[in-house]
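As stored in start-v2.csv (CSV, C-alpha atoms):
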```csv
chain,number,residue,atom,x,y,z
A,716,MET,CA,31.3,11.9,6.2
A,717,ALA,CA,30.0,9.7,3.4
A,718,ARG,CA,26.6,9.5,5.1
A,719,ARG,CA,26.5,13.3,5.4
A,720,THR,CA,27.4,13.7,1.8
A,721,LYS,CA,24.7,11.3,0.7
A,722,ALA,CA,22.2,13.2,2.8
A,723,GLN,CA,23.3,16.5,1.3
A,724,ALA,CA,22.9,15.0,-2.2
A,725,GLN,CA,19.4,13.9,-1.4
A,726,ASP,CA,18.6,17.3,0.0
A,727,THR,CA,19.8,18.9,-3.2
A,728,ARG,CA,17.8,16.5,-5.3
A,729,SER,CA,14.6,17.3,-3.3
A,730,HIS,CA,15.3,21.0,-3.6
A,731,ILE,CA,15.7,20.8,-7.4
A,732,LEU,CA,12.4,18.9,-7.6
A,733,ASP,CA,10.7,21.5,-5.4
A,734,MET,CA,11.9,24.3,-7.6
A,735,ALA,CA,11.0,22.4,-10.8
A,736,GLU,CA,7.5,21.9,-9.5
A,737,LEU,CA,7.1,25.7,-8.9
A,738,GLU,CA,8.6,26.6,-12.3
A,739,PHE,CA,6.4,24.1,-14.1
A,740,GLN,CA,3.3,25.4,-12.4
A,741,ARG,CA,4.2,29.0,-13.3
A,742,HIS,CA,5.3,28.6,-16.9
A,743,GLY,CA,4.2,25.1,-18.1
A,744,VAL,CA,6.5,22.2,-18.7
A,745,SER,CA,7.4,22.8,-22.3
A,746,ARG,CA,8.3,26.5,-21.6
A,747,THR,CA,10.5,25.7,-18.7
A,748,SER,CA,14.2,24.9,-19.4
A,749,LEU,CA,16.6,23.0,-17.2
A,750,GLN,CA,18.7,26.2,-17.0
A,751,GLU,CA,15.7,28.1,-15.6
A,752,ILE,CA,15.2,25.3,-13.0
A,753,ALA,CA,18.9,25.4,-12.1
A,754,ARG,CA,18.7,29.2,-11.7
A,755,ALA,CA,15.6,28.9,-9.4
A,756,ALA,CA,17.3,26.2,-7.3
A,757,GLY,CA,20.6,28.1,-7.1
A,758,VAL,CA,22.6,25.2,-8.6
A,759,THR,CA,24.5,24.7,-11.8
A,760,ARG,CA,23.0,22.9,-14.9
A,761,GLY,CA,25.6,20.2,-14.3
A,762,ALA,CA,24.0,19.6,-10.9
A,763,ILE,CA,20.7,19.0,-12.6
A,764,TYR,CA,22.3,16.4,-14.8
A,765,TRP,CA,24.0,14.8,-11.8
A,766,HIS,CA,20.6,13.8,-10.5
A,767,PHE,CA,18.4,13.6,-13.6
A,768,ARG,CA,19.1,12.3,-17.2
A,769,ASP,CA,16.9,15.0,-18.8
A,770,LYS,CA,13.7,17.0,-18.2
A,771,SER,CA,11.5,14.0,-18.7
A,772,ASP,CA,13.4,12.1,-15.9
A,773,LEU,CA,13.1,15.1,-13.6
A,774,PHE,CA,9.4,15.4,-14.4
A,775,ASN,CA,8.7,11.8,-13.7
A,776,ALA,CA,10.6,12.0,-10.4
A,777,MET,CA,8.5,14.9,-9.4
A,778,MET,CA,5.3,13.0,-10.2
A,779,ASN,CA,6.5,9.9,-8.3
A,780,ARG,CA,6.7,11.8,-5.1
A,781,VAL,CA,2.9,12.2,-5.1
A,782,ALA,CA,1.7,9.5,-7.4
A,783,LEU,CA,3.4,6.4,-6.0
A,784,PRO,CA,1.7,6.4,-2.6
A,785,LEU,CA,-1.7,6.7,-4.3
A,786,GLU,CA,-0.8,4.1,-6.9
A,787,ARG,CA,0.1,1.7,-4.1
A,788,GLU,CA,-3.4,2.2,-2.6
A,789,ILE,CA,-5.0,1.4,-6.0
A,790,ALA,CA,-2.7,-1.6,-6.5
A,791,ARG,CA,-4.1,-3.1,-3.3
A,792,SER,CA,-7.5,-3.5,-5.1
A,793,ALA,CA,-5.9,-6.5,-6.9
A,794,ASP,CA,-4.9,-8.3,-3.7
A,795,PRO,CA,-6.5,-11.7,-3.9
A,796,ALA,CA,-6.7,-11.9,-0.1
A,797,LEU,CA,-8.7,-8.6,0.2
A,798,PRO,CA,-12.2,-9.3,1.6
A,799,ASP,CA,-13.8,-6.1,0.2
A,800,PRO,CA,-12.2,-5.1,-3.2
A,801,LEU,CA,-15.0,-2.5,-3.9
A,802,GLY,CA,-14.3,-0.9,-0.5
A,803,GLN,CA,-10.6,-0.7,-1.2
A,804,ILE,CA,-11.3,0.9,-4.6
A,805,ARG,CA,-13.5,3.5,-3.0
A,806,ALA,CA,-11.0,4.2,-0.2
A,807,SER,CA,-8.1,4.6,-2.6
A,808,PHE,CA,-10.1,7.0,-4.8
A,809,MET,CA,-11.3,9.1,-1.9
A,810,ALA,CA,-7.7,9.2,-0.6
A,811,ALA,CA,-6.6,10.7,-3.9
A,812,LEU,CA,-9.3,13.4,-3.7
A,813,ARG,CA,-8.4,14.2,-0.1
A,814,THR,CA,-4.8,14.5,-1.0
A,815,ALA,CA,-5.6,16.9,-3.8
A,816,VAL,CA,-7.6,19.1,-1.4
A,817,SER,CA,-5.4,19.0,1.6
A,818,ASP,CA,-1.8,18.7,0.3
A,819,PRO,CA,-0.5,21.8,-1.5
A,820,GLN,CA,2.4,19.9,-3.1
A,821,ALA,CA,0.1,17.2,-4.4
A,822,ARG,CA,-2.3,19.8,-5.8
A,823,ARG,CA,0.5,21.5,-7.7
A,824,THR,CA,1.7,18.2,-9.1
A,825,PHE,CA,-1.8,17.2,-10.2
A,826,GLU,CA,-2.3,20.6,-11.8
A,827,ILE,CA,0.9,20.3,-13.7
A,828,ALA,CA,0.1,16.8,-14.9
A,829,LEU,CA,-3.4,17.7,-16.0
A,830,HIS,CA,-3.0,21.2,-17.3
A,831,LYS,CA,0.7,22.2,-17.7
A,832,VAL,CA,2.3,19.4,-19.8
A,833,GLU,CA,2.4,18.9,-23.5
A,834,TYR,CA,3.5,15.5,-24.7
A,835,VAL,CA,5.9,16.6,-27.5
A,836,ASP,CA,9.5,15.8,-28.4
A,837,GLU,CA,11.5,15.6,-25.1
A,838,MET,CA,8.4,14.7,-23.1
A,839,GLN,CA,7.7,11.5,-25.0
A,840,ALA,CA,9.1,9.6,-22.0
A,841,VAL,CA,6.5,11.3,-19.8
A,842,ARG,CA,3.8,10.2,-22.1
A,843,ASP,CA,5.1,6.7,-22.1
A,844,ARG,CA,5.2,6.7,-18.3
A,845,ARG,CA,1.7,8.0,-18.0
A,846,THR,CA,0.4,5.4,-20.6
A,847,GLN,CA,2.1,2.6,-18.7
A,848,GLY,CA,0.8,3.8,-15.4
A,849,LEU,CA,-2.7,4.0,-16.7
A,850,ALA,CA,-2.5,0.5,-18.1
A,851,GLU,CA,-1.3,-0.8,-14.8
A,852,ARG,CA,-3.9,1.0,-12.7
A,853,VAL,CA,-6.8,-0.1,-15.0
A,854,GLY,CA,-5.4,-3.7,-14.8
A,855,GLN,CA,-5.3,-3.6,-11.0
A,856,LEU,CA,-8.9,-2.2,-10.9
A,857,GLU,CA,-10.0,-4.8,-13.3
A,858,SER,CA,-8.6,-7.6,-11.1
A,859,GLY,CA,-10.3,-6.1,-8.0
A,860,LEU,CA,-13.6,-5.9,-9.8
A,861,LYS,CA,-13.3,-9.5,-11.0
A,862,ARG,CA,-12.7,-10.6,-7.5
A,863,ALA,CA,-15.7,-8.5,-6.3
A,864,ALA,CA,-17.8,-10.3,-8.9
A,865,ARG,CA,-16.6,-13.7,-7.6
A,866,LEU,CA,-17.5,-12.6,-4.1
A,867,GLY,CA,-21.0,-11.7,-5.3
A,868,ALA,CA,-20.5,-8.0,-4.8
A,869,LEU,CA,-21.1,-7.1,-8.5
A,870,GLY,CA,-24.1,-7.7,-10.6
A,871,GLY,CA,-22.4,-8.6,-13.9
A,872,ARG,CA,-24.0,-5.7,-15.7
A,873,VAL,CA,-20.7,-4.3,-17.0
A,874,PRO,CA,-17.6,-6.2,-18.0
A,875,ALA,CA,-14.8,-5.8,-15.5
A,876,ARG,CA,-12.5,-4.1,-18.0
A,877,ALA,CA,-15.0,-1.6,-19.1
A,878,ALA,CA,-16.0,-0.9,-15.4
A,879,ALA,CA,-12.3,-0.4,-14.5
A,880,MET,CA,-11.8,2.1,-17.4
A,881,GLY,CA,-15.0,3.9,-16.3
A,882,VAL,CA,-14.2,4.3,-12.7
A,883,HIS,CA,-10.6,5.4,-13.5
A,884,SER,CA,-12.0,8.0,-16.0
A,885,LEU,CA,-14.4,9.2,-13.3
A,886,LEU,CA,-11.5,10.0,-10.9
A,887,ASP,CA,-9.5,11.6,-13.7
A,888,GLY,CA,-12.4,13.8,-14.7
A,889,LEU,CA,-13.2,14.9,-11.2
A,890,LEU,CA,-9.6,16.0,-10.7
A,891,HIS,CA,-9.3,17.6,-14.1
A,892,ASN,CA,-12.5,19.7,-13.7
A,893,TRP,CA,-11.8,20.7,-10.1
A,894,MET,CA,-8.3,21.8,-11.0
A,895,LEU,CA,-9.8,24.2,-13.6
A,896,ASP,CA,-12.0,25.8,-10.9
A,897,PRO,CA,-11.4,24.7,-7.3
A,898,GLU,CA,-14.2,27.0,-6.1
A,899,GLY,CA,-16.7,25.5,-8.6
A,900,PHE,CA,-17.6,22.5,-6.5
A,901,ASP,CA,-16.7,20.6,-3.3
A,902,LEU,CA,-14.4,17.9,-4.6
A,903,LEU,CA,-14.8,15.6,-1.6
A,904,LYS,CA,-18.6,15.9,-1.4
A,905,VAL,CA,-19.2,15.6,-5.1
A,906,GLY,CA,-16.5,13.0,-5.6
A,907,ARG,CA,-17.9,10.8,-2.9
A,908,GLN,CA,-21.4,11.1,-4.4
A,909,CYS,CA,-20.1,10.3,-7.9
A,910,ILE,CA,-17.9,7.4,-6.8
A,911,ASP,CA,-20.6,5.9,-4.6
A,912,ALA,CA,-23.2,6.2,-7.4
A,913,TYR,CA,-20.9,4.5,-9.9
A,914,LEU,CA,-20.1,1.6,-7.6
A,915,ARG,CA,-23.7,1.1,-6.7
A,916,GLY,CA,-24.5,1.0,-10.4
A,917,LEU,CA,-22.0,-1.9,-10.8
A,918,GLN,CA,-23.7,-3.8,-8.0
A,919,HIS,CA,-27.1,-4.0,-9.8
A,920,PRO,CA,-27.8,-7.3,-11.5
A,921,ALA,CA,-27.7,-7.6,-15.2
A,922,PRO,CA,-31.2,-7.5,-16.8
A,923,ALA,CA,-32.7,-10.7,-17.9
A,924,ALA,CA,-32.2,-11.6,-21.6
```
Take the structure I supplied and represent it as structure tokens, if you would.
Amino acid sequence: MARRTKAQAQDTRSHILDMAELEFQRHGVSRTSLQEIARAAGVTRGAIYWHFRDKSDLFNAMMNRVALPLEREIARSADPALPDPLGQIRASFMAALRTAVSDPQARRTFEIALHKVEYVDEMQAVRDRRTQGLAERVGQLESGLKRAARLGALGGRVPARAAAMGVHSLLDGLLHNWMLDPEGFDLLKVGRQCIDAYLRGLQHPAPAA
């Protein structure tokens, strides 16, 4: 019975997240209340607080369903045993783009994160989470790029920290622009071209002094 109750609680939590995702997409995060999410999910407001501390906690849980698998792929770039860090960076970024194109839930989540959230008042914890996540991903990319340099796969033209910020910004920009107009360009084709061009640029040797 306890196992069934635990499973039911998990189902309710997932259903709340599903409904929050739809409400956030329709109305924006700041304009969506927990009461409206509870109404959409067919639960009480108390049930929302049973699973989540506040709207920021709910929002971060919604983001984690999609972001954590992709973040783990990027984190692998820093693995000191990885023989091809550049290849792993490329693969993790292309996986993010494929997920945005092929997974409707991921697409909604990316759209909300990029276009439907305002970092004000109650959403400060969301801003903090995003800032921390950015710092962690850039740090992991920097570690991977430094290892690639030690393996002779980079030319030393750009400092690893700057290169990590650049390639992460490239991914963010591609997703941001595509979410504005998914019919405007082929995300996978253009994304692959841009990522490959950027990584090839990093492989060129630094000019002689």
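If all atoms listed in the file are the atoms counted, then among A:Asp901, A:Leu917, A:Ala753, A:Ser771 the closest residue to Glu833 (chain A) is A:Ser771.
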Exercise: region 848-860 of chain A partners within 7 Å, only C-alpha atoms, chain neighbours under 2 positions left out, as a PyMOL selection string: chain A and resi 789-790+792-793+800-801+844-846+862-864+875-876+879-880+883
Name the closest residue to Ser817 (chain A) among the candidates A:Leu903, A:Val744, A:Gln750, A:Trp765; distances are taken between atoms, counting only C-alpha atoms.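 The shortest atom-to-atom distance to Ser817 (chain A) comes from A:Leu903.
The residue that comes closest to Ile827 (chain A), out of A:Leu869, A:Leu783, A:Leu812, A:Met777 and on the basis of only C-alpha atoms, is A:Met777.
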What does the distance between CA of Ile752 (chain A) and CA of Ala735 (chain A) come to in Å, to one decimal place? 5.6 Å
Would you mind telling me which residue in A:Arg728, A:Arg842, A:Lys770, A:Arg813 lies nearest to Thr747 (chain A) when using all atoms listed in the file? A:Lys770
